[in-house]
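**Student:** Shown below is the structure under consideration.
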Amino acid sequence: MNNNLNSISSGLTNEQQQQMAVANMAVAFDYLNFLLENPNALEEIPDSATVIIPTEDTWVNEQNNQIVAQVQKSGGTVYYVQKLVNAA
């Protein structure tokens with residue numbers, strides 16, 4: 001996955017990389033909280049899968065879709081979180 005992320009992010013400005021990081025980290029922490037409250041949900045995620053969580057930022061979601069394409073091209077597995085449920 002790291003090489004896939006590097007290939008996508010290499011064409012982005014520092015500001016765009018920061019935008020992706022902030023949006024993805026926000027939903028990642030929300031999803032981790034959800035998983036802590038619902039540990040059985042972990043069983044749905046395939047081993048070694050790249051987890052994609054929708055953000056509120058359309059541009060970030062488009063960039064994440066490019067990462068998905070690279071992961072799938074290299075034979076990797078992608079797990080889509082259909083709807084982020086806030087753990088709060």
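The chains in the structure tokens are called A, B, ... from first to last as shown; in each chain the residues are counted from 1, and the ligands are counted from 1 in the order shown.
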Any idea what's packed within 9 Å of Asn65 in chain A, counting only C-alpha atoms, ignoring anything in its chain fewer than 5 positions away? Could you give it as a list of chain:residue names?

**Tutor:**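 Contacts, in chain order: A:Ile52, A:Val60, A:Gln70.
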
**Student:** To one decimal place in Å, what is the distance between CA of Val71 in chain A and CA of Asn40 in chain A?

**Tutor:**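 So the two atoms, CA of Val71 in chain A and CA of Asn40 in chain A, lie 25.4 Å apart.
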
**Student:** Have a look at A:Thr50, A:Asn33, A:Thr58, A:Gln19 and name the one nearest to Gly75 in chain A; count only C-alpha atoms.

**Tutor:**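 For Gly75 in chain A, the nearest of the candidates is A:Thr50.
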
**Student:** Could you list, as a ChimeraX atom specification, every residue within 12 Å of Gln17 in chain A, counting only C-alpha atoms and ignoring same-chain residues fewer than 4 positions away?

**Tutor:** /A:5-6,8-13,21-25,59-60,63-64

**Student:** Export, as a PDB file, in the first residue's frame, the selected residues with N, CA, C and O atoms.

**Tutor:**
ATOM      1  N   LEU A   5       0.363   4.674  -2.278  1.00  0.00           N
ATOM      2  CA  LEU A   5       0.153   6.007  -1.731  1.00  0.00           C
ATOM      3  C   LEU A   5       1.221   6.960  -2.241  1.00  0.00           C
ATOM      4  O   LEU A   5       0.925   8.092  -2.616  1.00  0.00           O
ATOM      5  N   ASN A   6       2.467   6.507  -2.293  1.00  0.00           N
ATOM      6  CA  ASN A   6       3.541   7.356  -2.786  1.00  0.00           C
ATOM      7  C   ASN A   6       3.324   7.758  -4.237  1.00  0.00           C
ATOM      8  O   ASN A   6       3.593   8.889  -4.615  1.00  0.00           O
ATOM      9  N   ILE A   8       0.500   8.125  -5.833  1.00  0.00           N
ATOM     10  CA  ILE A   8      -0.594   9.100  -5.919  1.00  0.00           C
ATOM     11  C   ILE A   8      -0.156  10.442  -5.350  1.00  0.00           C
ATOM     12  O   ILE A   8      -0.358  11.483  -5.956  1.00  0.00           O
ATOM     13  N   SER A   9       0.470  10.419  -4.181  1.00  0.00           N
ATOM     14  CA  SER A   9       0.805  11.669  -3.502  1.00  0.00           C
ATOM     15  C   SER A   9       1.959  12.421  -4.156  1.00  0.00           C
ATOM     16  O   SER A   9       2.111  13.613  -3.917  1.00  0.00           O
ATOM     17  N   SER A  10       2.741  11.759  -5.001  1.00  0.00           N
ATOM     18  CA  SER A  10       3.893  12.434  -5.611  1.00  0.00           C
ATOM     19  C   SER A  10       3.469  13.589  -6.512  1.00  0.00           C
ATOM     20  O   SER A  10       4.224  14.534  -6.687  1.00  0.00           O
ATOM     21  N   GLY A  11       2.259  13.547  -7.053  1.00  0.00           N
ATOM     22  CA  GLY A  11       1.789  14.623  -7.911  1.00  0.00           C
ATOM     23  C   GLY A  11       0.997  15.688  -7.179  1.00  0.00           C
ATOM     24  O   GLY A  11       0.457  16.591  -7.809  1.00  0.00           O
ATOM     25  N   LEU A  12       0.935  15.592  -5.860  1.00  0.00           N
ATOM     26  CA  LEU A  12       0.141  16.533  -5.074  1.00  0.00           C
ATOM     27  C   LEU A  12       1.031  17.561  -4.388  1.00  0.00           C
ATOM     28  O   LEU A  12       2.164  17.267  -4.024  1.00  0.00           O
ATOM     29  N   THR A  13       0.469  18.739  -4.175  1.00  0.00           N
ATOM     30  CA  THR A  13       1.190  19.761  -3.414  1.00  0.00           C
ATOM     31  C   THR A  13       1.174  19.370  -1.935  1.00  0.00           C
ATOM     32  O   THR A  13       0.386  18.522  -1.506  1.00  0.00           O
ATOM     33  N   ALA A  21      -4.594  14.028   4.363  1.00  0.00           N
ATOM     34  CA  ALA A  21      -4.249  13.467   5.673  1.00  0.00           C
ATOM     35  C   ALA A  21      -5.272  13.860   6.732  1.00  0.00           C
ATOM     36  O   ALA A  21      -5.734  13.010   7.499  1.00  0.00           O
ATOM     37  N   VAL A  22      -5.640  15.122   6.768  1.00  0.00           N
ATOM     38  CA  VAL A  22      -6.589  15.599   7.779  1.00  0.00           C
ATOM     39  C   VAL A  22      -7.947  14.915   7.602  1.00  0.00           C
ATOM     40  O   VAL A  22      -8.534  14.415   8.567  1.00  0.00           O
ATOM     41  N   ALA A  23      -8.452  14.873   6.380  1.00  0.00           N
ATOM     42  CA  ALA A  23      -9.772  14.274   6.129  1.00  0.00           C
ATOM     43  C   ALA A  23      -9.759  12.778   6.439  1.00  0.00           C
ATOM     44  O   ALA A  23     -10.683  12.257   7.079  1.00  0.00           O
ATOM     45  N   ASN A  24      -8.712  12.077   5.989  1.00  0.00           N
ATOM     46  CA  ASN A  24      -8.652  10.631   6.214  1.00  0.00           C
ATOM     47  C   ASN A  24      -8.413  10.283   7.677  1.00  0.00           C
ATOM     48  O   ASN A  24      -8.987   9.319   8.185  1.00  0.00           O
ATOM     49  N   MET A  25      -7.604  11.069   8.371  1.00  0.00           N
ATOM     50  CA  MET A  25      -7.377  10.781   9.789  1.00  0.00           C
ATOM     51  C   MET A  25      -8.629  11.022  10.618  1.00  0.00           C
ATOM     52  O   MET A  25      -8.912  10.271  11.551  1.00  0.00           O
ATOM     53  N   TRP A  59     -13.146  15.835  -3.030  1.00  0.00           N
ATOM     54  CA  TRP A  59     -11.840  15.747  -3.668  1.00  0.00           C
ATOM     55  C   TRP A  59     -11.005  14.647  -3.020  1.00  0.00           C
ATOM     56  O   TRP A  59     -10.350  13.865  -3.725  1.00  0.00           O
ATOM     57  N   VAL A  60     -11.007  14.562  -1.703  1.00  0.00           N
ATOM     58  CA  VAL A  60     -10.262  13.513  -1.000  1.00  0.00           C
ATOM     59  C   VAL A  60     -10.805  12.140  -1.387  1.00  0.00           C
ATOM     60  O   VAL A  60     -10.038  11.211  -1.636  1.00  0.00           O
ATOM     61  N   GLN A  63      -9.356  11.194  -4.652  1.00  0.00           N
ATOM     62  CA  GLN A  63      -7.960  10.772  -4.518  1.00  0.00           C
ATOM     63  C   GLN A  63      -7.887   9.362  -3.928  1.00  0.00           C
ATOM     64  O   GLN A  63      -7.080   8.529  -4.348  1.00  0.00           O
ATOM     65  N   ASN A  64      -8.741   9.093  -2.946  1.00  0.00           N
ATOM     66  CA  ASN A  64      -8.775   7.756  -2.345  1.00  0.00           C
ATOM     67  C   ASN A  64      -9.167   6.708  -3.388  1.00  0.00           C
ATOM     68  O   ASN A  64      -8.648   5.589  -3.375  1.00  0.00           O
TER      69      ASN A  64
END

**Student:** Name the residues of chain A that come out as strand (DSSP E) in a backbone DSSP run; write them as a PyMOL selection string.

**Tutor:** chain A and resi 50-52+78-80

**Student:** Emit the selected residues as a short mmCIF file (atom, residue, chain, number, x, y, z; two decimals), in the first residue's frame, including N, CA and C atoms.

**Tutor:**
data_model
loop_
_atom_site.label_atom_id
_atom_site.label_comp_id
_atom_site.auth_asym_id
_atom_site.auth_seq_id
_atom_site.Cartn_x
_atom_site.Cartn_y
_atom_site.Cartn_z
N THR A 50 -6.82 -2.90 2.34
CA THR A 50 -6.76 -1.46 2.46
C THR A 50 -8.18 -1.00 2.76
N VAL A 51 -8.37 -0.30 3.87
CA VAL A 51 -9.70 0.13 4.30
C VAL A 51 -9.95 1.54 3.77
N ILE A 52 -11.06 1.71 3.06
CA ILE A 52 -11.43 3.01 2.52
C ILE A 52 -12.70 3.49 3.23
N VAL A 78 -9.41 -4.43 -1.21
CA VAL A 78 -9.94 -3.17 -0.69
C VAL A 78 -11.23 -3.48 0.06
N TYR A 79 -11.36 -2.89 1.24
CA TYR A 79 -12.59 -3.00 2.02
C TYR A 79 -13.18 -1.60 2.13
N TYR A 80 -14.40 -1.44 1.62
CA TYR A 80 -15.09 -0.16 1.69
C TYR A 80 -15.99 -0.11 2.91
#

**Student:** Could you tell me, as a PyMOL selection string, which residues of chain A DSSP assigns to alpha helix (DSSP H) when given the backbone?

**Tutor:** chain A and resi 2-9+14-37+58-73

**Student:** Could you jot down the CA of Gln72 in chain A to CA of Ser48 in chain A separation for me, Å, one decimal place?

**Tutor:**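 Interatomic distance here is 12.5 Å.
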
**Student:** CA of Phe34 in chain A to CA of Glu56 in chain A: how many Å, to one decimal?

**Tutor:**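 If I compute the distance from CA of Phe34 in chain A to CA of Glu56 in chain A, I get 17.4 Å.
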
**Student:** Nearest residue to Gln16 in chain A out of A:Asp57, A:Glu37, A:Val68, A:Gln82, using only C-alpha atoms?

**Tutor:**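 Under the stated criterion, the closest residue is A:Asp57.
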